[in-house]
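Everything below belongs to upload_6.pdb, which stores PDB, C-alpha atoms.
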MODEL        1
ATOM      1  CA  MET A 712     -42.481 -14.301 -29.821
ATOM      2  CA  ILE A 713     -40.214 -11.416 -30.782
ATOM      3  CA  GLY A 714     -43.245  -9.302 -31.549
ATOM      4  CA  ARG A 715     -44.199  -9.411 -27.870
ATOM      5  CA  SER A 716     -40.661  -8.989 -26.576
ATOM      6  CA  ILE A 717     -39.820  -6.908 -23.557
ATOM      7  CA  ILE A 718     -37.467  -4.883 -25.732
ATOM      8  CA  LYS A 719     -40.250  -3.856 -28.071
ATOM      9  CA  GLU A 720     -42.552  -3.032 -25.201
ATOM     10  CA  THR A 721     -40.029  -0.967 -23.335
ATOM     11  CA  ALA A 722     -38.176   0.571 -26.273
ATOM     12  CA  LEU A 723     -38.704   4.275 -26.710
ATOM     13  CA  CYS A 724     -38.403   6.202 -29.925
ATOM     14  CA  SER A 725     -35.740   8.843 -29.773
ATOM     15  CA  PRO A 726     -36.866  12.399 -30.559
ATOM     16  CA  ILE A 727     -34.101  12.680 -33.171
ATOM     17  CA  GLY A 728     -35.350   9.599 -35.005
ATOM     18  CA  ALA A 729     -38.971  10.715 -34.821
ATOM     19  CA  SER A 730     -38.256  14.134 -36.243
ATOM     20  CA  SER A 731     -35.966  12.928 -39.000
ATOM     21  CA  THR A 732     -36.607  14.709 -42.286
ATOM     22  CA  LEU A 733     -35.452  11.588 -44.115
ATOM     23  CA  SER A 734     -38.331   9.582 -42.678
ATOM     24  CA  PRO A 735     -40.836   8.675 -45.391
ATOM     25  CA  LYS A 736     -43.665   9.247 -42.904
ATOM     26  CA  GLY A 737     -42.522  12.821 -42.341
ATOM     27  CA  GLY A 738     -44.269  14.448 -39.457
ATOM     28  CA  MET A 739     -46.887  11.686 -39.254
ATOM     29  CA  VAL A 740     -44.847   9.797 -36.635
ATOM     30  CA  LYS A 741     -45.909  10.567 -33.104
ATOM     31  CA  ARG A 742     -43.089  12.315 -31.293
ATOM     32  CA  HIS A 743     -41.895  10.930 -27.972
ATOM     33  CA  LEU A 744     -40.170  13.188 -25.528
ATOM     34  CA  ALA A 745     -38.257  10.419 -23.713
ATOM     35  CA  ALA A 746     -34.907   9.375 -25.211
ATOM     36  CA  GLY A 747     -34.084   5.703 -25.541
ATOM     37  CA  VAL A 748     -30.863   4.299 -24.071
ATOM     38  CA  THR A 749     -28.986   1.579 -25.900
ATOM     39  CA  LEU A 750     -28.133  -0.679 -23.010
ATOM     40  CA  THR A 751     -25.966  -3.057 -25.031
ATOM     41  CA  SER A 752     -23.224  -0.480 -25.554
ATOM     42  CA  LEU A 753     -23.524   0.652 -21.938
ATOM     43  CA  VAL A 754     -23.044  -2.920 -20.738
ATOM     44  CA  ASP A 755     -20.067  -3.277 -23.091
ATOM     45  CA  ALA A 756     -18.454  -0.154 -21.659
ATOM     46  CA  PHE A 757     -19.132  -1.293 -18.097
ATOM     47  CA  SER A 758     -17.697  -4.722 -18.805
ATOM     48  CA  ILE A 759     -14.469  -3.215 -20.145
ATOM     49  CA  LEU A 760     -14.210  -1.028 -17.037
ATOM     50  CA  VAL A 761     -14.800  -3.998 -14.724
ATOM     51  CA  ILE A 762     -12.145  -6.092 -16.489
ATOM     52  CA  TYR A 763      -9.631  -3.229 -16.376
ATOM     53  CA  LEU A 764     -10.279  -2.642 -12.673
ATOM     54  CA  LEU A 765     -10.054  -6.349 -11.907
ATOM     55  CA  VAL A 766      -6.645  -6.505 -13.583
ATOM     56  CA  SER A 767      -5.327  -3.524 -11.613
ATOM     57  CA  PHE A 768      -6.921  -4.869  -8.423
ATOM     58  CA  ALA A 769      -5.149  -8.189  -8.863
ATOM     59  CA  GLU A 770      -1.695  -6.565  -8.923
ATOM     60  CA  SER A 771      -0.975  -7.843  -5.442
ATOM     61  CA  GLY A 772      -4.356  -9.137  -4.368
ATOM     62  CA  GLU A 773      -3.877  -7.737  -0.885
ATOM     63  CA  VAL A 774      -6.100  -5.326   0.951
ATOM     64  CA  LEU A 775      -5.544  -3.640   4.298
ATOM     65  CA  TYR A 776      -8.500  -2.595   6.381
ATOM     66  CA  ILE A 777      -7.836   0.906   7.613
ATOM     67  CA  ALA A 778      -9.865   2.480  10.397
ATOM     68  CA  LYS A 779     -11.764   5.664   9.606
ATOM     69  CA  ASP A 780      -9.579   7.924  11.730
ATOM     70  CA  MET A 781      -6.283   6.339  10.676
ATOM     71  CA  GLU A 782      -4.124   8.105   8.104
ATOM     72  CA  LEU A 783      -1.176   6.243   6.654
ATOM     73  CA  PRO A 784       2.003   8.117   5.729
ATOM     74  CA  THR A 785       2.765   8.712   2.076
ATOM     75  CA  ALA A 786       5.824   7.415   0.231
ATOM     76  CA  ASN A 787       6.834   7.533  -3.424
ATOM     77  CA  GLN A 788       9.368   4.702  -3.276
ATOM     78  CA  SER A 789       7.032   2.072  -1.855
ATOM     79  CA  ALA A 790       6.963  -1.604  -2.735
ATOM     80  CA  PRO A 791       3.743  -3.411  -3.708
ATOM     81  CA  LEU A 792       1.704  -4.657  -0.790
ATOM     82  CA  GLU A 793       2.322  -8.348  -0.149
ATOM     83  CA  ARG A 794       0.710 -10.774   2.223
ATOM     84  CA  ALA A 795       2.283 -10.711   5.681
ATOM     85  CA  THR A 796       1.122 -10.786   9.276
ATOM     86  CA  VAL A 797      -0.431  -7.404  10.013
ATOM     87  CA  VAL A 798       0.430  -5.663  13.266
ATOM     88  CA  LYS A 799      -1.671  -2.582  13.803
ATOM     89  CA  LEU A 800      -1.147   0.313  16.186
ATOM     90  CA  GLU A 801      -4.450   2.063  16.676
ATOM     91  CA  SER A 802      -5.297   4.527  19.469
ATOM     92  CA  GLY A 803      -2.404   3.227  21.545
ATOM     93  CA  LYS A 804      -3.589  -0.382  21.277
ATOM     94  CA  ILE A 805      -1.760  -3.126  19.410
ATOM     95  CA  TYR A 806      -3.535  -5.653  17.236
ATOM     96  CA  ILE A 807      -2.185  -8.720  15.468
ATOM     97  CA  GLU A 808      -4.522  -9.542  12.581
ATOM     98  CA  ASP A 809      -7.340  -7.589  14.316
ATOM     99  CA  LYS A 810      -6.860  -9.379  17.641
ATOM    100  CA  GLU A 811      -5.914  -7.047  20.470
ATOM    101  CA  ILE A 812      -2.662  -7.928  22.208
ATOM    102  CA  GLU A 813      -1.319  -6.565  25.461
ATOM    103  CA  PRO A 814       2.009  -4.784  24.864
ATOM    104  CA  SER A 815       3.609  -6.961  27.532
ATOM    105  CA  SER A 816       2.705 -10.153  25.652
ATOM    106  CA  LEU A 817       3.446  -8.848  22.150
ATOM    107  CA  MET A 818       6.741 -10.646  21.847
ATOM    108  CA  GLU A 819       5.289 -14.028  22.893
ATOM    109  CA  ALA A 820       2.426 -13.546  20.441
ATOM    110  CA  LEU A 821       4.840 -12.762  17.610
ATOM    111  CA  VAL A 822       6.988 -15.766  18.485
ATOM    112  CA  ASP A 823       3.842 -17.937  18.215
ATOM    113  CA  VAL A 824       3.000 -16.384  14.844
ATOM    114  CA  ARG A 825       6.523 -17.009  13.650
ATOM    115  CA  LYS A 826       6.372 -20.642  14.755
ATOM    116  CA  GLN A 827       3.079 -21.102  12.908
ATOM    117  CA  LEU A 828       4.552 -19.550   9.767
ATOM    118  CA  ALA A 829       7.642 -21.740  10.024
ATOM    119  CA  ALA A 830       5.443 -24.844  10.403
ATOM    120  CA  MET A 831       3.406 -23.831   7.351
ATOM    121  CA  HIS A 832       6.426 -23.144   5.150
ATOM    122  CA  GLY A 833       8.613 -25.951   6.485
ATOM    123  CA  ASP A 834      12.161 -25.610   5.235
ATOM    124  CA  ALA A 835      11.092 -23.708   2.157
ATOM    125  CA  GLU A 836      14.040 -21.874   0.670
ATOM    126  CA  GLY A 837      13.840 -18.144   0.670
ATOM    127  CA  PHE A 838      11.203 -18.011   3.372
ATOM    128  CA  GLU A 839      11.727 -14.891   5.405
ATOM    129  CA  PRO A 840       9.068 -14.037   7.947
ATOM    130  CA  ALA A 841       7.808 -10.495   7.550
ATOM    131  CA  LEU A 842       5.432  -8.203   9.359
ATOM    132  CA  THR A 843       3.276  -5.456   7.918
ATOM    133  CA  VAL A 844       3.060  -2.594  10.400
ATOM    134  CA  GLN A 845       0.066  -0.327  10.099
ATOM    135  CA  ALA A 846       0.051   2.885  12.110
ATOM    136  CA  ASP A 847      -1.213   6.429  11.915
ATOM    137  CA  ARG A 848       1.192   8.920  10.342
ATOM    138  CA  ARG A 849       0.954  11.123  13.479
ATOM    139  CA  ALA A 850       2.073   8.332  15.820
ATOM    140  CA  TYR A 851       5.301   8.796  17.759
ATOM    141  CA  TYR A 852       8.170   6.376  17.460
ATOM    142  CA  LYS A 853       8.040   5.624  21.194
ATOM    143  CA  GLU A 854       4.668   3.956  20.492
ATOM    144  CA  LEU A 855       5.954   2.099  17.426
ATOM    145  CA  ASN A 856       9.171   1.110  19.150
ATOM    146  CA  GLN A 857       7.542  -1.763  21.024
ATOM    147  CA  ILE A 858       6.467  -3.316  17.709
ATOM    148  CA  VAL A 859       9.878  -2.811  16.067
ATOM    149  CA  HIS A 860      11.652  -4.151  19.121
ATOM    150  CA  ALA A 861       9.349  -7.164  19.540
ATOM    151  CA  SER A 862       9.558  -8.067  15.848
ATOM    152  CA  ALA A 863      13.363  -8.030  15.970
ATOM    153  CA  GLN A 864      13.378 -10.115  19.141
ATOM    154  CA  SER A 865      10.908 -12.651  17.765
ATOM    155  CA  GLY A 866      12.889 -13.254  14.581
ATOM    156  CA  PHE A 867      10.998 -11.310  11.924
ATOM    157  CA  ASN A 868      13.717 -10.286   9.509
ATOM    158  CA  GLU A 869      11.665  -7.803   7.611
ATOM    159  CA  VAL A 870       9.248  -5.105   8.702
ATOM    160  CA  ARG A 871       7.007  -3.566   6.078
ATOM    161  CA  PHE A 872       5.511  -0.218   7.009
ATOM    162  CA  ALA A 873       2.195   0.278   5.271
ATOM    163  CA  VAL A 874       2.100   3.525   3.312
ATOM    164  CA  LEU A 875      -0.053   5.273   0.777
ATOM    165  CA  ALA A 876       1.478   5.313  -2.659
ATOM    166  CA  PRO A 877       0.574   8.403  -4.690
TER     167      PRO A 877
ATOM    168  CA  MET B 829     -51.005 -29.501 -39.773
ATOM    169  CA  ALA B 830     -47.387 -28.490 -39.153
ATOM    170  CA  LYS B 831     -46.302 -27.948 -35.629
ATOM    171  CA  GLN B 832     -45.335 -24.376 -34.740
ATOM    172  CA  LYS B 833     -41.544 -24.099 -34.536
ATOM    173  CA  LYS B 834     -40.389 -23.526 -30.975
ATOM    174  CA  ALA B 835     -38.435 -20.309 -30.643
ATOM    175  CA  MET B 836     -34.883 -20.788 -29.385
ATOM    176  CA  ASP B 837     -34.230 -17.093 -28.690
ATOM    177  CA  PHE B 838     -34.356 -15.691 -25.211
ATOM    178  CA  GLU B 839     -33.894 -12.248 -23.837
ATOM    179  CA  VAL B 840     -31.653 -10.883 -21.146
ATOM    180  CA  ASP B 841     -32.780  -7.940 -19.100
ATOM    181  CA  LEU B 842     -29.775  -5.690 -19.533
ATOM    182  CA  ILE B 843     -30.910  -3.145 -16.951
ATOM    183  CA  ALA B 844     -30.130  -5.580 -14.136
ATOM    184  CA  VAL B 845     -26.789  -6.474 -15.708
ATOM    185  CA  SER B 846     -25.791  -2.834 -16.033
ATOM    186  CA  SER B 847     -26.799  -2.186 -12.404
ATOM    187  CA  VAL B 848     -24.602  -5.033 -11.163
ATOM    188  CA  LEU B 849     -21.679  -3.812 -13.262
ATOM    189  CA  ALA B 850     -22.130  -0.250 -12.004
ATOM    190  CA  VAL B 851     -22.002  -1.423  -8.385
ATOM    191  CA  GLN B 852     -18.862  -3.488  -9.106
ATOM    192  CA  ILE B 853     -17.182  -0.513 -10.759
ATOM    193  CA  CYS B 854     -17.958   1.782  -7.828
ATOM    194  CA  ALA B 855     -16.649  -0.749  -5.292
ATOM    195  CA  MET B 856     -13.429  -1.330  -7.195
ATOM    196  CA  LEU B 857     -12.851   2.351  -7.869
ATOM    197  CA  LEU B 858     -13.093   3.012  -4.145
ATOM    198  CA  THR B 859     -10.799   0.183  -3.085
ATOM    199  CA  ALA B 860      -8.361  -0.390  -5.924
ATOM    200  CA  VAL B 861      -7.945   2.863  -7.762
ATOM    201  CA  TRP B 862      -8.338   5.701  -5.311
ATOM    202  CA  ILE B 863      -6.429   4.032  -2.491
ATOM    203  CA  HIS B 864      -3.041   2.730  -3.597
ATOM    204  CA  LEU B 865      -1.382   0.956  -0.717
ATOM    205  CA  GLY B 866       2.245  -0.019  -0.624
ATOM    206  CA  THR B 867       4.916  -0.810   1.919
ATOM    207  CA  MET B 868       8.218   0.668   2.948
ATOM    208  CA  ASN B 869      10.327  -2.414   3.587
ATOM    209  CA  VAL B 870      12.926  -2.410   6.299
ATOM    210  CA  LYS B 871      15.399  -5.163   7.048
ATOM    211  CA  GLN B 872      15.921  -5.874  10.698
ATOM    212  CA  ALA B 873      19.643  -5.248  10.619
ATOM    213  CA  VAL B 874      19.590  -3.932  14.131
ATOM    214  CA  GLY B 875      17.656  -5.254  17.039
ATOM    215  CA  GLY B 876      17.615  -8.318  19.167
ATOM    216  CA  GLN B 877      20.697 -10.156  17.947
ATOM    217  CA  SER B 878      23.825 -10.167  20.033
ATOM    218  CA  GLN B 879      26.925  -8.145  19.184
ATOM    219  CA  ALA B 880      28.707 -11.307  17.968
ATOM    220  CA  GLU B 881      25.846 -12.261  15.653
ATOM    221  CA  THR B 882      25.652  -8.810  14.113
ATOM    222  CA  LYS B 883      27.290  -8.767  10.703
ATOM    223  CA  LYS B 884      29.745  -5.943  10.265
ATOM    224  CA  VAL B 885      28.715  -4.243   7.067
ATOM    225  CA  PRO B 886      29.563  -0.758   5.907
ATOM    226  CA  ALA B 887      26.613   1.384   6.824
ATOM    227  CA  LEU B 888      25.528   4.934   7.318
ATOM    228  CA  TRP B 889      23.775   5.742  10.570
ATOM    229  CA  ALA B 890      21.241   8.555  10.481
ATOM    230  CA  LYS B 891      20.202   9.806  13.895
ATOM    231  CA  MET B 892      17.078  11.926  13.882
ATOM    232  CA  GLY B 893      17.308  14.969  16.117
ATOM    233  CA  ALA B 894      15.164  17.954  16.965
ATOM    234  CA  GLY B 895      14.152  20.473  14.295
ATOM    235  CA  GLY B 896      14.768  18.129  11.390
ATOM    236  CA  THR B 897      18.481  17.728  12.118
ATOM    237  CA  ILE B 898      20.077  14.479  11.002
ATOM    238  CA  THR B 899      23.396  13.353  12.428
ATOM    239  CA  PHE B 900      25.187  11.027  10.012
ATOM    240  CA  ARG B 901      27.826   8.604  11.244
ATOM    241  CA  LEU B 902      29.751   6.136   9.123
ATOM    242  CA  GLN B 903      30.244   2.564  10.265
ATOM    243  CA  ASP B 904      33.076   0.361   9.015
ATOM    244  CA  ILE B 905      34.225   2.607   6.192
ATOM    245  CA  ALA B 906      37.829   3.135   7.127
ATOM    246  CA  SER B 907      38.688   4.865   3.870
ATOM    247  CA  ALA B 908      36.359   7.775   4.613
ATOM    248  CA  PRO B 909      38.051  11.044   5.595
ATOM    249  CA  LYS B 910      37.511  12.321   9.111
ATOM    250  CA  ASN B 911      35.313  15.210   8.007
ATOM    251  CA  LEU B 912      32.750  12.714   6.680
ATOM    252  CA  GLN B 913      32.780  10.331   9.641
ATOM    253  CA  VAL B 914      30.284  12.350  11.674
ATOM    254  CA  VAL B 915      28.267  15.083   9.990
ATOM    255  CA  ASP B 916      25.221  17.052  11.106
ATOM    256  CA  VAL B 917      22.749  18.150   8.437
ATOM    257  CA  ALA B 918      20.622  20.822  10.082
ATOM    258  CA  GLY B 919      16.915  21.009   9.316
ATOM    259  CA  VAL B 920      15.188  23.886   7.559
ATOM    260  CA  ASN B 921      12.058  25.297   9.226
ATOM    261  CA  ASN B 922      11.744  22.156  11.364
ATOM    262  CA  GLU B 923      11.756  20.008   8.216
ATOM    263  CA  PHE B 924      14.512  17.832   6.820
ATOM    264  CA  ASN B 925      17.029  19.500   4.565
ATOM    265  CA  LEU B 926      16.460  16.989   1.786
ATOM    266  CA  ALA B 927      18.925  18.634  -0.586
ATOM    267  CA  GLY B 928      21.597  18.646   2.127
ATOM    268  CA  ILE B 929      20.955  14.979   2.916
ATOM    269  CA  ALA B 930      21.187  14.042  -0.757
ATOM    270  CA  ALA B 931      24.440  16.000  -1.134
ATOM    271  CA  HIS B 932      25.966  14.287   1.902
ATOM    272  CA  VAL B 933      24.962  10.832   0.675
ATOM    273  CA  GLU B 934      26.437  11.661  -2.722
ATOM    274  CA  ALA B 935      29.731  12.736  -1.093
ATOM    275  CA  ILE B 936      29.914   9.471   0.873
ATOM    276  CA  ARG B 937      29.162   7.349  -2.154
ATOM    277  CA  LYS B 938      32.105   8.866  -3.992
ATOM    278  CA  ILE B 939      34.301   7.220  -1.342
ATOM    279  CA  ALA B 940      32.188   4.064  -0.885
ATOM    280  CA  PRO B 941      30.303   3.431  -4.141
ATOM    281  CA  ASP B 942      28.891   0.106  -2.888
ATOM    282  CA  LEU B 943      27.300   1.642   0.172
ATOM    283  CA  ARG B 944      23.572   0.928   0.117
ATOM    284  CA  THR B 945      22.744   0.549   3.799
ATOM    285  CA  VAL B 946      21.284   3.243   6.000
ATOM    286  CA  LEU B 947      20.325   2.565   9.590
ATOM    287  CA  ILE B 948      17.866   5.116  10.874
ATOM    288  CA  GLN B 949      17.929   5.924  14.552
ATOM    289  CA  PRO B 950      14.797   7.866  15.489
ATOM    290  CA  ASP B 951      14.220   9.293  18.933
ATOM    291  CA  GLY B 952      11.076   8.650  20.928
ATOM    292  CA  ASP B 953       9.426  11.880  19.799
ATOM    293  CA  SER B 954      10.097  11.327  16.096
ATOM    294  CA  MET B 955       6.877  11.191  14.179
ATOM    295  CA  TYR B 956       6.190   8.066  12.149
ATOM    296  CA  GLU B 957       5.438  10.229   9.114
ATOM    297  CA  LYS B 958       8.887  11.846   9.335
ATOM    298  CA  ILE B 959      10.626   8.467   9.596
ATOM    299  CA  ILE B 960       8.824   7.277   6.472
ATOM    300  CA  GLN B 961       9.673  10.543   4.695
ATOM    301  CA  LEU B 962      13.342  10.035   5.515
ATOM    302  CA  MET B 963      13.245   6.403   4.348
ATOM    303  CA  ASP B 964      11.536   7.505   1.143
ATOM    304  CA  HIS B 965      14.237  10.094   0.532
ATOM    305  CA  PHE B 966      17.058   7.621   1.170
ATOM    306  CA  LYS B 967      15.509   5.189  -1.304
ATOM    307  CA  SER B 968      15.191   7.944  -3.883
ATOM    308  CA  VAL B 969      18.947   8.667  -3.636
ATOM    309  CA  GLY B 970      19.863   4.994  -4.041
ATOM    310  CA  MET B 971      20.219   3.856  -0.412
ATOM    311  CA  ILE B 972      17.916   0.893  -0.775
ATOM    312  CA  ASP B 973      18.816  -1.250   2.255
ATOM    313  CA  LEU B 974      17.158   0.406   5.183
ATOM    314  CA  GLY B 975      17.079  -0.499   8.821
ATOM    315  CA  VAL B 976      15.465   1.131  11.794
ATOM    316  CA  ALA B 977      16.899   0.930  15.284
ATOM    317  CA  PRO B 978      14.721   0.360  18.314
ATOM    318  CA  LEU B 979      15.063   2.853  21.151
TER     319      LEU B 979
ENDMDL
END
Once more with this new file: its structure as structure tokens, please.
Amino acid sequence: MIGRSIIKETALCSPIGASSTLSPKGGMVKRHLAAGVTLTSLVDAFSILVIYLLVSFAESGEVLYIAKDMELPTANQSAPLERATVVKLESGKIYIEDKEIEPSSLMEALVDVRKQLAAMHGDAEGFEPALTVQADRRAYYKELNQIVHASAQSGFNEVRFAVLAP
Amino acid sequence: MAKQKKAMDFEVDLIAVSSVLAVQICAMLLTAVWIHLGTMNVKQAVGGQSQAETKKVPALWAKMGAGGTITFRLQDIASAPKNLQVVDVAGVNNEFNLAGIAAHVEAIRKIAPDLRTVLIQPDGDSMYEKIIQLMDHFKSVGMIDLGVAPL
């Protein structure tokens, strides 16, 4: 069985091994130009990398989907990203969790979101509704103002501005 | 005649495994390592509530003006001398004078060591990036409770 194994059939002799002066067959061994790769150690290294990345990825477990032409501002003193309702300002349009909302009905939409959150959490202690605001760094405050104003009016105590952490 | 012993060994094609792992590594490097996302958290200390509902807490107002100028105004800190009640920190080359802001905050905290609240008052033409930069700077000098005022 092992004599016909895929490993034996696909294994290549390394040129270093074939030309070894310590080999009892000396120069009788046919030299191969292709080098063999030990996949076991490669898989080990990859596995360690995957585990390390998974651990760092799971720090908050949250991901924001950022449009190609959107650049977030940078901040050194940022807090880890936590799950909250995402309000996005993109090309002058406002989105709540990727659903476009008319600016005139933003407050009503946020009130609905807040009611849903309150129903989900019940009277849980320490529950403070929060919004994550995602906007381009070049946006003007007059555009963002409607979000800040509507969130305050609809009872969101905390606004979290999404930033890039260096 | 003895039966041939059935082999219990099996082989795993490691090339496929290494390919899957390589794809996973690339995906996670792109999403988790190169792009670190965070948030700048702001308490809604100012906004929709009525004047009566608004808690009177000592705070420092920072009004963003043209050319990086910040006008600081103290709220409910009676012990502060008059020369610190309203102070303009002029910008440098249309940027914030970060050293000047830090020095002013330091001077105020000598009088009010418990002061942690800054309420930022941008104008309509303030860029989002500049507001975040100012918040970041306030946090770095120990003013951790931030608020932003609607227009």
Next on the checklist: For this structure, which residues satisfy the selection - the PyMOL selection byres ((chain B) within 7 of (chain A)) - when it is evaluated on the file as given? I want them as a ChimeraX atom specification.
Outcome noted: /B:842,846,849-850,852-853,856,860,864-872,875-876,951-957,960-961,964,967-968,978-979
Next on the checklist: Between CA of Leu888 in chain B and CA of Phe924 in chain B, what distance in Å does the model show, to one decimal?
Outcome noted: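 Answer for the CA of Leu888 in chain B to CA of Phe924 in chain B separation: 17.0 Å.
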So for range 854-858 of chain B, what box centre and size do we get, axis-aligned, 8 Å extra on each of the six sides, every listed atom, Å to one decimal, as JSON?
{"center_x": -15.4, "center_y": 0.8, "center_z": -6.0, "size_x": 21.1, "size_y": 20.3, "size_z": 19.7}
Checklist entry - Between CA of Arg901 in chain B and CA of Gly970 in chain B, what is the spacing in Å? => result 17.6 Å
Item to check | From A:Pro840, A:Ser802, A:Val797, A:Met781, residue lying nearest Lys826 in chain A [only C-alpha atoms] | outcome: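 Closest residue, counting only C-alpha atoms: A:Pro840.
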Item to check | Selection result of the PyMOL selection byres ((chain B and resi 937-949) around 9) on this file, as JSON, numbers by chain | outcome: {"B": [873, 874, 885, 886, 887, 888, 889, 890, 891, 892, 905, 907, 908, 909, 932, 933, 934, 935, 936, 950, 951, 959, 962, 963, 966, 970, 971, 972, 973, 974, 975, 976, 977, 978, 979]}
Item to check | Within 9 Å of Val920 in chain B using only C-alpha atoms, minus same-chain residues under 4 positions, as a list in words | outcome: Gly895, Gly896, Thr897, Phe924 and Asn925 of chain B
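Between CA of Ala820 in chain A and CA of Ile807 in chain A lies a distance of 8.3 Å.
Considering all atoms listed in the file, the residue among A:Tyr776, A:Glu839, A:Val822, A:His832 positioned nearest to Glu808 in chain A is A:Tyr776.
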